[in-house]
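So this one's input12.cif, mmCIF, C-alpha atoms and all ligand atoms:
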```cif
data_entry
loop_
_atom_site.label_atom_id
_atom_site.label_comp_id
_atom_site.auth_asym_id
_atom_site.auth_seq_id
_atom_site.Cartn_x
_atom_site.Cartn_y
_atom_site.Cartn_z
CA MET A 1 31.79 96.83 192.02
CA LYS A 2 31.82 94.93 188.72
CA TYR A 3 34.41 94.66 185.93
CA ASP A 4 34.57 92.78 182.64
CA VAL A 5 38.01 91.36 183.50
CA ILE A 6 40.02 91.21 186.72
CA VAL A 7 43.75 90.51 186.39
CA VAL A 8 45.51 89.21 189.50
CA GLY A 9 49.20 90.20 189.61
CA GLY A 10 50.79 93.41 188.34
CA ARG A 11 54.11 92.43 186.84
CA ILE A 12 54.75 91.41 183.22
CA GLY A 13 52.00 88.79 182.84
CA GLY A 14 49.46 91.02 184.59
CA SER A 15 50.30 94.36 183.01
CA VAL A 16 50.56 92.98 179.46
CA SER A 17 47.24 91.06 179.76
CA SER A 18 45.57 94.20 181.16
CA LEU A 19 47.08 96.40 178.47
CA PHE A 20 45.83 94.30 175.55
CA ALA A 21 42.39 93.72 177.12
CA SER A 22 41.96 97.45 177.84
CA GLU A 23 43.14 98.42 174.36
CA ASN A 24 40.32 96.23 173.08
CA ASP A 25 37.73 98.29 174.95
CA VAL A 26 36.83 96.17 177.94
CA ASP A 27 36.75 97.30 181.61
CA VAL A 28 39.79 95.90 183.38
CA LEU A 29 40.88 95.94 187.02
CA MET A 30 44.43 94.81 187.81
CA ILE A 31 45.13 93.84 191.44
CA GLU A 32 48.65 93.74 192.91
CA LYS A 33 49.46 92.68 196.45
CA ASN A 34 52.60 94.80 196.73
CA SER A 35 52.46 98.54 197.30
CA GLU A 36 54.52 99.33 194.18
CA ILE A 37 54.53 97.73 190.72
CA GLY A 38 57.89 96.14 189.85
CA ILE A 39 59.14 95.81 193.43
CA PRO A 40 60.68 93.60 194.68
CA VAL A 41 62.52 92.51 191.54
CA GLN A 42 62.88 88.73 191.25
CA CYS A 43 64.81 88.56 188.01
CA ALA A 44 68.23 88.74 186.35
CA GLU A 45 66.60 91.18 183.87
CA ALA A 46 67.91 89.75 180.58
CA THR A 47 65.65 89.62 177.56
CA SER A 48 65.76 89.69 173.79
CA GLU A 49 64.50 91.98 171.08
CA LEU A 50 61.47 89.68 170.72
CA THR A 51 59.93 91.13 173.88
CA PHE A 52 59.80 94.59 172.33
CA LYS A 53 58.63 93.26 168.95
CA THR A 54 55.76 91.43 170.67
CA LEU A 55 54.77 94.63 172.45
CA GLY A 56 55.17 96.67 169.26
CA ILE A 57 57.52 99.16 170.94
CA GLU A 58 61.13 100.29 170.59
CA PRO A 59 63.43 99.54 173.57
CA SER A 60 63.73 102.72 175.64
CA ASN A 61 66.73 104.16 177.50
CA ARG A 62 64.46 104.54 180.51
CA TYR A 63 64.66 100.81 181.27
CA VAL A 64 67.41 99.35 179.06
CA CYS A 65 70.59 99.24 181.17
CA SER A 66 72.73 97.73 178.42
CA GLU A 67 72.76 96.04 175.05
CA ILE A 68 74.46 92.66 174.94
CA TYR A 69 76.48 91.58 171.93
CA GLY A 70 76.87 87.91 172.74
CA VAL A 71 76.90 85.04 175.19
CA LYS A 72 79.88 83.25 176.77
CA VAL A 73 79.27 79.75 178.11
CA HIS A 74 81.91 78.63 180.62
CA SER A 75 82.79 75.01 181.36
CA PRO A 76 83.69 73.51 184.77
CA GLU A 77 87.40 73.43 183.73
CA GLY A 78 87.37 77.17 182.91
CA ASP A 79 87.18 77.03 179.12
CA HIS A 80 84.38 78.78 177.22
CA PHE A 81 82.66 79.14 173.88
CA GLN A 82 80.88 82.24 172.70
CA MET A 83 77.94 83.04 170.49
CA LYS A 84 76.74 86.18 168.78
CA PRO A 85 73.03 86.89 168.77
CA SER A 86 71.18 86.01 165.59
CA ASP A 87 68.42 88.13 164.00
CA ASN A 88 65.69 89.03 166.49
CA GLU A 89 67.89 88.01 169.37
CA MET A 90 69.72 91.16 170.28
CA GLY A 91 70.04 90.91 174.06
CA TYR A 92 69.16 93.57 176.61
CA ILE A 93 69.64 93.91 180.34
CA LEU A 94 66.62 95.74 181.70
CA ASP A 95 65.85 97.67 184.83
CA ARG A 96 62.72 95.68 185.69
CA LYS A 97 61.63 98.12 188.36
CA VAL A 98 61.23 100.69 185.59
CA PHE A 99 60.18 98.28 182.81
CA ASP A 100 57.37 96.64 184.79
CA LYS A 101 56.14 100.01 185.98
CA SER A 102 56.18 101.42 182.44
CA LEU A 103 53.99 98.48 181.29
CA ALA A 104 51.55 99.23 184.11
CA ILE A 105 51.57 102.92 183.14
CA GLU A 106 50.72 102.03 179.51
CA SER A 107 47.98 99.72 180.75
CA ALA A 108 46.53 102.45 183.00
CA LYS A 109 46.65 104.92 180.09
CA ALA A 110 44.67 102.39 178.03
CA GLY A 111 42.00 102.40 180.77
CA THR A 112 43.00 99.70 183.29
CA ASP A 113 42.09 100.46 186.91
CA ILE A 114 44.79 99.35 189.34
CA MET A 115 44.49 98.41 193.02
CA LEU A 116 47.78 98.22 194.94
CA LYS A 117 48.48 96.61 198.29
CA THR A 118 45.47 94.40 197.65
CA THR A 119 45.64 90.62 197.91
CA VAL A 120 43.20 88.32 196.18
CA LYS A 121 42.25 85.78 198.83
CA ASP A 122 39.62 83.77 197.00
CA LEU A 123 37.64 83.42 193.79
CA LEU A 124 33.91 83.92 193.37
CA ILE A 125 32.51 80.94 191.49
CA LYS A 126 28.97 80.90 190.08
CA GLU A 127 27.48 77.91 188.28
CA GLY A 128 30.92 76.34 187.99
CA LYS A 129 32.47 79.46 186.38
CA VAL A 130 34.89 81.98 187.87
CA SER A 131 32.92 85.21 188.34
CA GLY A 132 35.11 87.51 190.41
CA VAL A 133 37.45 87.70 193.38
CA VAL A 134 37.50 88.23 197.10
CA ALA A 135 40.17 90.85 197.76
CA LYS A 136 41.69 92.26 200.94
CA HIS A 137 42.92 95.85 201.00
CA LEU A 138 44.26 97.44 204.20
CA GLY A 139 42.35 95.05 206.44
CA LYS A 140 39.06 95.34 204.52
CA THR A 141 37.71 92.38 202.54
CA THR A 142 35.61 93.08 199.42
CA GLU A 143 33.93 90.94 196.78
CA ILE A 144 34.50 92.23 193.27
CA GLU A 145 32.52 90.66 190.46
CA ALA A 146 33.85 90.16 186.93
CA ASP A 147 32.91 88.20 183.83
CA MET A 148 36.34 86.67 183.92
CA VAL A 149 39.65 86.59 185.78
CA ILE A 150 43.23 86.32 184.49
CA ALA A 151 45.64 84.67 186.93
CA ALA A 152 49.06 86.34 186.57
CA ASP A 153 50.10 85.73 190.16
CA GLY A 154 53.40 83.97 189.52
CA VAL A 155 54.86 80.50 189.99
CA GLY A 156 52.63 77.96 191.76
CA SER A 157 49.58 80.20 191.12
CA ASN A 158 47.17 80.07 194.08
CA ILE A 159 44.50 81.69 191.93
CA ALA A 160 44.56 78.97 189.25
CA ARG A 161 44.59 76.33 192.00
CA MET A 162 41.44 77.85 193.54
CA ALA A 163 39.79 77.19 190.16
CA GLY A 164 40.89 73.56 190.19
CA ILE A 165 44.04 73.77 188.03
CA ASN A 166 47.11 71.98 189.38
CA THR A 167 50.00 74.46 189.40
CA LEU A 168 52.32 72.72 191.86
CA TYR A 169 55.84 71.66 190.86
CA GLY A 170 58.16 69.04 192.34
CA VAL A 171 61.73 69.95 193.45
CA LYS A 172 63.14 68.57 190.18
CA ASP A 173 60.96 70.94 188.18
CA ILE A 174 61.60 74.20 189.95
CA GLY A 175 64.75 76.31 189.82
CA SER A 176 65.71 77.78 193.17
CA CYS A 177 67.44 81.11 192.50
CA VAL A 178 69.32 83.80 194.34
CA GLN A 179 70.95 86.88 192.87
CA TYR A 180 72.94 89.92 193.90
CA LYS A 181 73.26 93.19 192.04
CA MET A 182 76.95 93.88 192.49
CA VAL A 183 79.39 96.72 191.95
CA GLY A 184 83.05 96.05 191.14
CA ILE A 185 82.73 92.73 189.29
CA ASP A 186 85.46 92.50 186.69
CA VAL A 187 83.86 90.79 183.69
CA ASP A 188 83.65 91.44 179.93
CA PRO A 189 80.70 93.90 179.79
CA ASN A 190 79.64 93.05 176.22
CA TYR A 191 78.64 89.48 177.04
CA MET A 192 76.20 87.61 179.20
CA HIS A 193 78.17 84.90 181.03
CA PHE A 194 76.87 81.46 181.97
CA TYR A 195 78.86 79.03 184.15
CA PHE A 196 78.00 75.32 184.24
CA GLY A 197 79.12 72.40 186.37
CA ARG A 198 77.85 70.07 189.10
CA GLU A 199 80.01 71.87 191.69
CA VAL A 200 79.07 75.32 190.38
CA ALA A 201 75.30 74.96 190.03
CA PRO A 202 73.72 71.48 190.10
CA GLY A 203 70.77 71.33 187.72
CA GLY A 204 71.26 74.93 186.62
CA TYR A 205 73.93 77.58 186.10
CA VAL A 206 75.54 80.73 187.48
CA TRP A 207 74.92 83.89 185.49
CA MET A 208 76.72 87.21 185.26
CA PHE A 209 74.84 89.90 183.36
CA PRO A 210 76.79 93.17 183.26
CA SER A 211 75.25 96.62 182.73
CA GLU A 212 76.79 99.81 181.40
CA ASN A 213 76.33 101.54 184.76
CA GLY A 214 78.96 99.25 186.35
CA VAL A 215 76.41 97.06 188.10
CA THR A 216 76.41 93.31 187.34
CA ASN A 217 73.60 90.87 188.10
CA VAL A 218 75.29 87.78 189.53
CA GLY A 219 73.08 84.87 190.45
CA VAL A 220 72.58 81.15 190.49
CA GLY A 221 69.70 78.81 189.78
CA ILE A 222 69.88 75.19 190.97
CA ARG A 223 67.52 72.22 191.10
CA ASN A 224 67.17 69.23 193.33
CA SER A 225 70.15 69.84 195.61
CA ASP A 226 70.49 69.31 199.38
CA LYS A 227 72.46 72.59 199.53
CA THR A 228 70.90 76.03 199.03
CA ALA A 229 71.31 78.31 196.02
CA HIS A 230 72.92 80.82 198.37
CA HIS A 231 75.60 78.25 199.27
CA PHE A 232 76.60 77.93 195.59
CA LEU A 233 76.51 81.68 194.95
CA THR A 234 78.68 82.43 197.98
CA LYS A 235 81.19 79.80 196.83
CA PHE A 236 81.26 81.22 193.28
CA LEU A 237 81.64 84.80 194.50
CA SER A 238 84.62 83.94 196.69
CA ASN A 239 86.68 84.29 193.47
CA PHE A 240 85.48 87.88 192.89
CA ASN A 241 85.82 91.15 194.66
CA GLY A 242 82.41 92.77 194.36
CA THR A 243 80.04 94.61 196.65
CA PRO A 244 76.34 93.70 196.72
CA ILE A 245 73.76 96.49 196.61
CA GLU A 246 70.63 94.39 196.22
CA MET A 247 69.65 90.74 196.72
CA ASN A 248 66.71 88.88 195.29
CA ILE A 249 65.43 85.34 195.51
CA GLY A 250 62.75 83.37 193.72
CA GLY A 251 61.62 80.13 192.13
CA VAL A 252 61.36 79.45 188.39
CA PRO A 253 59.12 76.75 186.89
CA LEU A 254 61.33 74.68 184.56
CA SER A 255 59.27 71.76 183.33
CA GLY A 256 57.05 73.56 180.85
CA PRO A 257 53.49 74.85 181.17
CA VAL A 258 50.94 73.57 183.69
CA GLU A 259 48.47 70.89 182.54
CA LYS A 260 45.73 73.40 181.61
CA THR A 261 45.80 77.19 181.32
CA TYR A 262 42.06 77.95 181.13
CA THR A 263 38.77 76.98 182.66
CA GLY A 264 35.33 78.59 182.71
CA GLY A 265 35.88 82.33 183.40
CA LEU A 266 39.65 82.01 183.94
CA LEU A 267 42.91 82.26 181.99
CA VAL A 268 46.37 81.61 183.47
CA VAL A 269 49.47 83.48 182.17
CA GLY A 270 53.20 83.94 182.71
CA ASP A 271 54.94 82.10 185.55
CA ALA A 272 51.51 81.15 186.91
CA ALA A 273 51.06 79.07 183.76
CA GLY A 274 54.67 77.85 183.61
CA HIS A 275 55.39 80.05 180.56
CA VAL A 276 59.14 79.93 181.10
CA ASP A 277 61.88 78.56 178.87
CA PRO A 278 62.92 75.29 180.61
CA LEU A 279 66.53 75.58 179.39
CA THR A 280 67.35 79.20 180.25
CA GLY A 281 64.71 79.98 182.88
CA GLY A 282 63.83 83.09 180.87
CA GLY A 283 60.19 84.07 181.27
CA ILE A 284 60.02 87.73 180.23
CA HIS A 285 59.45 87.16 176.53
CA LEU A 286 57.22 84.10 176.93
CA ALA A 287 55.05 85.85 179.56
CA THR A 288 54.76 88.86 177.25
CA SER A 289 53.70 86.75 174.24
CA CYS A 290 51.15 84.68 176.18
CA ALA A 291 49.77 87.64 178.14
CA LYS A 292 49.18 89.56 174.90
CA ILE A 293 47.14 86.61 173.61
CA ALA A 294 45.31 86.32 176.96
CA GLY A 295 44.34 90.01 176.91
CA GLU A 296 43.08 89.80 173.34
CA ILE A 297 41.12 86.57 173.89
CA ALA A 298 39.62 87.92 177.13
CA ALA A 299 38.36 91.00 175.26
CA GLU A 300 36.94 88.81 172.50
CA ALA A 301 35.19 86.60 175.07
CA ILE A 302 33.60 89.63 176.75
CA LYS A 303 32.40 91.05 173.42
CA MET A 304 30.97 87.67 172.39
CA GLY A 305 29.36 87.26 175.83
CA ASP A 306 30.99 83.84 176.13
CA THR A 307 33.55 83.18 178.87
CA SER A 308 32.98 79.43 178.90
CA ALA A 309 35.93 77.01 178.98
CA ASP A 310 34.93 75.98 175.49
CA PHE A 311 35.46 79.53 174.17
CA LEU A 312 38.58 80.23 176.28
CA LYS A 313 40.44 77.15 175.06
CA ARG A 314 41.42 79.22 172.03
CA TYR A 315 43.85 81.01 174.39
CA GLU A 316 45.74 77.76 175.01
CA GLU A 317 45.66 76.95 171.30
CA GLY A 318 47.02 80.46 170.60
CA TRP A 319 49.97 80.37 173.00
CA LYS A 320 50.84 76.82 171.93
CA ARG A 321 51.11 78.02 168.33
CA GLU A 322 53.27 80.96 169.45
CA ILE A 323 55.68 79.40 171.98
CA GLY A 324 54.83 75.67 172.07
CA SER A 325 57.73 74.42 169.96
CA THR A 326 60.29 76.68 171.70
CA VAL A 327 59.28 75.30 175.09
CA LYS A 328 59.22 71.70 173.86
CA ASN A 329 62.70 71.93 172.31
CA SER A 330 64.17 73.69 175.34
CA LEU A 331 62.80 71.01 177.63
CA LYS A 332 64.39 68.35 175.42
CA TYR A 333 67.79 70.14 175.53
CA ARG A 334 67.56 70.68 179.29
CA LYS A 335 66.89 67.01 179.90
CA VAL A 336 70.05 66.15 177.95
CA LEU A 337 72.04 68.78 179.84
CA ASP A 338 70.80 67.25 183.11
CA LYS A 339 72.47 63.96 182.17
CA LEU A 340 75.94 65.41 181.49
CA ASN A 341 78.66 65.09 184.11
CA ASP A 342 81.45 67.67 184.37
CA LYS A 343 83.79 65.67 182.12
CA GLU A 344 81.15 65.57 179.40
CA LEU A 345 80.39 69.29 179.84
CA ASN A 346 84.09 70.09 179.44
CA ALA A 347 84.27 68.00 176.26
CA LEU A 348 81.08 69.61 174.89
CA ILE A 349 82.27 73.17 175.45
CA ARG A 350 85.69 72.42 173.91
CA PHE A 351 83.84 70.91 170.92
CA LEU A 352 81.50 73.90 170.52
CA LYS A 353 84.35 76.43 170.65
CA GLY A 354 84.55 78.30 167.35
CA ARG A 355 81.70 76.35 165.75
CA ASP A 356 78.47 77.67 164.35
CA LEU A 357 75.71 75.88 166.31
CA ASP A 358 73.53 75.52 163.20
CA SER A 359 76.32 73.61 161.47
CA ILE A 360 76.36 70.80 164.02
CA THR A 361 75.14 67.54 162.54
CA SER A 362 75.18 63.97 163.75
CA ARG A 363 78.19 63.42 161.44
CA SER A 364 80.17 66.33 162.86
CA LEU A 365 79.94 64.70 166.31
CA LEU A 366 82.19 61.88 165.12
CA GLY A 367 85.21 63.87 166.31
CA LEU A 368 83.91 63.56 169.86
CA VAL A 369 83.39 59.81 169.87
CA LYS A 370 86.87 58.96 171.12
CA GLU A 371 86.80 61.52 173.91
CA SER A 372 83.30 60.84 175.17
CA PRO A 373 81.07 58.22 173.53
CA SER A 374 78.33 58.80 176.14
CA LEU A 375 78.24 62.53 175.28
CA VAL A 376 77.81 61.73 171.60
CA ARG A 377 74.92 59.39 172.45
CA HIS A 378 73.21 62.16 174.46
CA LEU A 379 73.73 64.76 171.75
CA ARG A 380 72.54 62.49 168.93
CA SER A 381 69.22 62.12 170.75
CA ILE A 382 68.49 65.82 170.15
CA LEU A 383 69.82 66.28 166.61
C1 LIG B 1 66.13 85.05 190.28
C2 LIG B 1 65.38 85.04 188.98
C3 LIG B 1 66.02 85.47 187.83
C4 LIG B 1 65.32 85.52 186.62
N1 LIG B 1 65.97 86.01 185.53
C5 LIG B 1 65.31 86.13 184.35
C6 LIG B 1 65.95 86.72 183.23
O1 LIG B 1 67.09 87.18 183.29
N2 LIG B 1 65.25 86.79 182.07
C7 LIG B 1 63.97 86.33 181.96
O2 LIG B 1 63.40 86.41 180.85
N3 LIG B 1 63.34 85.79 183.02
C8 LIG B 1 63.96 85.67 184.22
N4 LIG B 1 63.33 85.17 185.31
C9 LIG B 1 61.92 84.78 185.16
C10 LIG B 1 61.03 86.04 185.14
O3 LIG B 1 61.37 86.90 186.21
C11 LIG B 1 59.56 85.63 185.22
O4 LIG B 1 59.31 84.67 184.21
C12 LIG B 1 58.63 86.82 185.05
O5 LIG B 1 58.84 87.79 186.04
C13 LIG B 1 57.19 86.32 185.13
O6 LIG B 1 56.31 87.40 185.27
P1 LIG B 1 54.84 87.15 185.79
O7 LIG B 1 54.16 88.47 185.71
O8 LIG B 1 54.24 86.00 185.12
O9 LIG B 1 54.97 86.70 187.32
P2 LIG B 1 55.65 87.40 188.56
O10 LIG B 1 56.79 88.23 188.15
O11 LIG B 1 55.88 86.35 189.57
O12 LIG B 1 54.50 88.39 189.10
C14 LIG B 1 53.41 87.93 189.85
C15 LIG B 1 52.79 89.14 190.55
O13 LIG B 1 51.57 88.73 191.17
C16 LIG B 1 51.47 89.32 192.45
N5 LIG B 1 50.59 88.46 193.24
C17 LIG B 1 50.78 87.16 193.58
N6 LIG B 1 49.73 86.68 194.26
C18 LIG B 1 48.83 87.69 194.35
C19 LIG B 1 47.53 87.81 194.94
N7 LIG B 1 46.95 86.77 195.55
N8 LIG B 1 46.90 89.00 194.87
C20 LIG B 1 47.48 90.06 194.21
N9 LIG B 1 48.71 90.00 193.63
C21 LIG B 1 49.36 88.83 193.70
C22 LIG B 1 52.92 89.32 192.95
O14 LIG B 1 53.11 90.26 193.99
C23 LIG B 1 53.67 89.69 191.68
O15 LIG B 1 53.80 91.08 191.53
C24 LIG B 1 63.98 85.09 186.54
C25 LIG B 1 63.33 84.63 187.70
C26 LIG B 1 64.02 84.61 188.90
C27 LIG B 1 63.29 84.15 190.14
#
```
Written as structure tokens, that's how I'd like the structure from this file.
Amino acid sequence: MKYDVIVVGGRIGGSVSSLFASENDVDVLMIEKNSEIGIPVQCAEATSELTFKTLGIEPSNRYVCSEIYGVKVHSPEGDHFQMKPSDNEMGYILDRKVFDKSLAIESAKAGTDIMLKTTVKDLLIKEGKVSGVVAKHLGKTTEIEADMVIAADGVGSNIARMAGINTLYGVKDIGSCVQYKMVGIDVDPNYMHFYFGREVAPGGYVWMFPSENGVTNVGVGIRNSDKTAHHFLTKFLSNFNGTPIEMNIGGVPLSGPVEKTYTGGLLVVGDAAGHVDPLTGGGIHLATSCAKIAGEIAAEAIKMGDTSADFLKRYEEGWKREIGSTVKNSLKYRKVLDKLNDKELNALIRFLKGRDLDSITSRSLLGLVKESPSLVRHLRSIL
């Protein structure tokens, strides 16, 4: 068996890479270890209009559970400020089981072959270049050759590591998350809600993302704590009267992309590459953008007959142009947020109330100096 491109992982990173490679007329095999694409969900399912724009599609009722008109950010003392989405940032809560599957369906229609319940155990490497995979399907191990492989196997990518790329994160750099889908949560359905505070979610936040069908995604992401994410979620939920119908857990890489996202015969995309916004933990749009570039570059490499690291580095140059500054800025903001104690968070959220974020200048922070000089120092470092 031989393919031009093998993609390991069948969620967003995998399906979008496969789709754009197949649309550019190369033979693609996508391999997914689970028996169904999109399951289990490990996501709070919020994304923006940009995801659909990148894919060149209109959001569909099949997988959009609700449109979100704004964001409410809650402080430890119970105050909040709210924002409306700007252009291109209309928010959506998706049904990822359906969304991920619909991406795989489009990819299959474009020509991608898909193997389910198949785990890639190893890489074939010839003359220092990745040249296929060793895959196990229902107890049988097979070697499948390919001119190149795309690793879309999620956070901590084993596949990229097999090719010599360090994809491991320390506890300070990974968000530990747990979420319930819940019925009966009484919350303003037009907004996504974020709750901050050292006691609420150290190193992260609690989210509540409501859908029109009466189901709300309620979860927490934390970093570097001696207590579990589940501990903080249980504590938060003790103030609500909801019933869980689904639970999901997962880790999110929050320190930006891994050191290198290509080598001879291999590209790394999505969570596997650390393509996640370090401030919000959102990876759907970034994985989509980078996977589109990966699929296109893979097809170009096959057509040029050049899958060397030297050729494939244009993938990294491409995604850096597309998402590099967003990730860099978010990491800067997150590092400032990490430094704020609850008192400073309270002061910040009171200050932001009713203000347009774009209008905040170093001068406008003067009003905060009396209340919290340390907060002003932190904020000035990012203005
Ligand atoms: C709790 C939680 C909430 C989140 N909420 C949001 C949110 O609201 N909005 C947002 O934008 N992002 C969110 N994210 C992040 C988002 O889910 C990810 O960024 C996104 O799913 C990344 O997609 P991916 O395809 O790169 O990787 P993954 O979704 O991790 O997919 C990797 C796939 O590879 C398969 N695989 C792994 N190893 C192998 C192997 N050896 N062989 C074959 N298959 C393999 C896995 O089974 C899996 O299907 C959240 C993450 C978590 C954990």
Exercise. Looking at all atoms listed in the file, which of A:Gly214, A:Gly13, A:Gly78, A:Pro202 is the one that sits closest to ligand LIG 1 (chain B)?
Worked result: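 Ranking A:Gly214, A:Gly13, A:Gly78, A:Pro202 by distance to ligand LIG 1 (chain B), first place goes to A:Gly13.
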For this session: With only C-alpha atoms and all ligand atoms counted, collect every polymer residue having an atom within 7 Å of ligand LIG 1 (chain B); state the result as a ChimeraX atom specification.
Result: /A:8-14,31-34,37-38,42-47,118-121,152-155,158-159,177-179,219,248-252,269-272,276,281-285,287
Starting from 5 Å padding per side, set up an axis-aligned box that covers all listed atoms of stretch 50-54 of chain A and hand over centre and edge lengths in Å, one decimal, as lines of an AutoDock Vina configuration file.
```
center_x = 58.6
center_y = 92.1
center_z = 171.4
size_x = 15.7
size_y = 14.9
size_z = 14.9
```
Problem set entry | Exercise: residues within 10 Å of coordinate (56.0, 82.5, 174.6), counting all atoms listed in the file, as a list in words | Leu50, Thr51, Thr54, Gly270, His275, Val276, Asp277, Gly283, Ile284, His285, Leu286, Ala287, Thr288, Ser289, Cys290, Ala291, Lys292, Ile293, Trp319, Lys320, Arg321, Glu322, Ile323, Gly324, Ser325, Thr326 and Val327 of chain A
Take the selection from the previous step and output its residues with C-alpha atoms, as a short mmCIF file (atom, residue, chain, number, x, y, z; two decimals), keeping the file's coordinate frame.
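Now in part.cif:
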```cif
data_model
loop_
_atom_site.label_atom_id
_atom_site.label_comp_id
_atom_site.auth_asym_id
_atom_site.auth_seq_id
_atom_site.Cartn_x
_atom_site.Cartn_y
_atom_site.Cartn_z
CA LEU A 50 61.47 89.68 170.72
CA THR A 51 59.93 91.13 173.88
CA THR A 54 55.76 91.43 170.67
CA GLY A 270 53.20 83.94 182.71
CA HIS A 275 55.39 80.05 180.56
CA VAL A 276 59.14 79.93 181.10
CA ASP A 277 61.88 78.56 178.87
CA GLY A 283 60.19 84.07 181.27
CA ILE A 284 60.02 87.73 180.23
CA HIS A 285 59.45 87.16 176.53
CA LEU A 286 57.22 84.10 176.93
CA ALA A 287 55.05 85.85 179.56
CA THR A 288 54.76 88.86 177.25
CA SER A 289 53.70 86.75 174.24
CA CYS A 290 51.15 84.68 176.18
CA ALA A 291 49.77 87.64 178.14
CA LYS A 292 49.18 89.56 174.90
CA ILE A 293 47.14 86.61 173.61
CA TRP A 319 49.97 80.37 173.00
CA LYS A 320 50.84 76.82 171.93
CA ARG A 321 51.11 78.02 168.33
CA GLU A 322 53.27 80.96 169.45
CA ILE A 323 55.68 79.40 171.98
CA GLY A 324 54.83 75.67 172.07
CA SER A 325 57.73 74.42 169.96
CA THR A 326 60.29 76.68 171.70
CA VAL A 327 59.28 75.30 175.09
#
```
Problem set entry | Best match for closeness to A:Tyr195 among A:His80, A:Arg314, A:His378, A:Arg161, counting all atoms listed in the file |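 Among A:His80, A:Arg314, A:His378, A:Arg161, it is A:His80 that comes nearest to A:Tyr195.
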Exercise. So which one's closest to A:Glu77, A:Ile349, A:Asp113, A:Phe99, A:Glu145? Using all atoms listed in the file, please.
Worked result: A:Ile349
For this session: Counting all atoms listed in the file, note down every residue that has an atom within 10 Å of the point (41.1, 89.3, 174.5) (file coordinates), as an MDAnalysis selection string.
Result: chainID A and resid 5 17:18 20:26 291:303 312 315
Name the residues in contact with stretch 164-172 of chain A at a cut-off of 7 Å, using all atoms listed in the file, excluding same-chain residues fewer than 6 positions from it; report them as a PDB file with C-alpha atoms, in the frame of the given file.
```
ATOM      1  CA  GLY A 156      52.630  77.960 191.760  1.00  0.00           C
ATOM      2  CA  SER A 157      49.580  80.200 191.120  1.00  0.00           C
ATOM      3  CA  ARG A 223      67.520  72.220 191.100  1.00  0.00           C
ATOM      4  CA  ASN A 224      67.170  69.230 193.330  1.00  0.00           C
ATOM      5  CA  VAL A 258      50.940  73.570 183.690  1.00  0.00           C
ATOM      6  CA  LYS A 260      45.730  73.400 181.610  1.00  0.00           C
TER       7      LYS A 260
END
```
For this session: Would you kindly return, as a list of chain:residue names, each protein, DNA or RNA residue with an atom no farther than 10 Å from any atom of stretch 124-129 of chain A, considering all atoms listed in the file and excluding same-chain residues fewer than 3 positions away?
Result: A:Gly132, A:Val133, A:Val134, A:Glu143, A:Ile144, A:Glu145, A:Ala146, A:Asp147, A:Met148, A:Val149, A:Met162, A:Ala163, A:Thr263, A:Gly264, A:Gly265, A:Leu266, A:Thr307, A:Ser308, A:Ala309
Restricting it to C-alpha atoms, dump the selection as a PDB file, in the frame of the given file.
```pdb
ATOM      1  CA  GLY A 132      35.110  87.510 190.410  1.00  0.00           C
ATOM      2  CA  VAL A 133      37.450  87.700 193.380  1.00  0.00           C
ATOM      3  CA  VAL A 134      37.500  88.230 197.100  1.00  0.00           C
ATOM      4  CA  GLU A 143      33.930  90.940 196.780  1.00  0.00           C
ATOM      5  CA  ILE A 144      34.500  92.230 193.270  1.00  0.00           C
ATOM      6  CA  GLU A 145      32.520  90.660 190.460  1.00  0.00           C
ATOM      7  CA  ALA A 146      33.850  90.160 186.930  1.00  0.00           C
ATOM      8  CA  ASP A 147      32.910  88.200 183.830  1.00  0.00           C
ATOM      9  CA  MET A 148      36.340  86.670 183.920  1.00  0.00           C
ATOM     10  CA  VAL A 149      39.650  86.590 185.780  1.00  0.00           C
ATOM     11  CA  MET A 162      41.440  77.850 193.540  1.00  0.00           C
ATOM     12  CA  ALA A 163      39.790  77.190 190.160  1.00  0.00           C
ATOM     13  CA  THR A 263      38.770  76.980 182.660  1.00  0.00           C
ATOM     14  CA  GLY A 264      35.330  78.590 182.710  1.00  0.00           C
ATOM     15  CA  GLY A 265      35.880  82.330 183.400  1.00  0.00           C
ATOM     16  CA  LEU A 266      39.650  82.010 183.940  1.00  0.00           C
ATOM     17  CA  THR A 307      33.550  83.180 178.870  1.00  0.00           C
ATOM     18  CA  SER A 308      32.980  79.430 178.900  1.00  0.00           C
ATOM     19  CA  ALA A 309      35.930  77.010 178.980  1.00  0.00           C
TER      20      ALA A 309
END
```
For this session: Measuring atom to atom with only C-alpha atoms, identify which of A:Val183, A:Ile105, A:Leu237, A:Leu279 is nearest to A:Val336.
Result: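 With only C-alpha atoms as the atom set, the closest residue is A:Leu279.
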Problem set entry | Distance of atom CA of A:Asn217 from atom CA of A:Asn346, expressed in Å to one decimal place |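 Going from atom CA of A:Asn346 over to atom CA of A:Asn217 covers 24.8 Å.
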Exercise. When you draw a straight line from atom CA of A:Val200 to atom CA of A:Tyr92, how long is it in Å?
Worked result: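 So the answer is 24.9 Å.
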Excluding A:Asp338 and residues on its chain fewer than 3 positions from it, collect all residues at most 7 Å away from it, counting all atoms listed in the file, and give them as a PDB file with C-alpha atoms, in the coordinates of the input.
```
ATOM      1  CA  GLY A 203      70.770  71.330 187.720  1.00  0.00           C
ATOM      2  CA  ARG A 334      67.560  70.680 179.290  1.00  0.00           C
ATOM      3  CA  LYS A 335      66.890  67.010 179.900  1.00  0.00           C
TER       4      LYS A 335
END
```
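Among A:Ser48, A:Leu19, A:Glu212, A:Lys136, the residue with the shortest atom-to-atom distance to A:Ala104, counting only C-alpha atoms, is A:Leu19.
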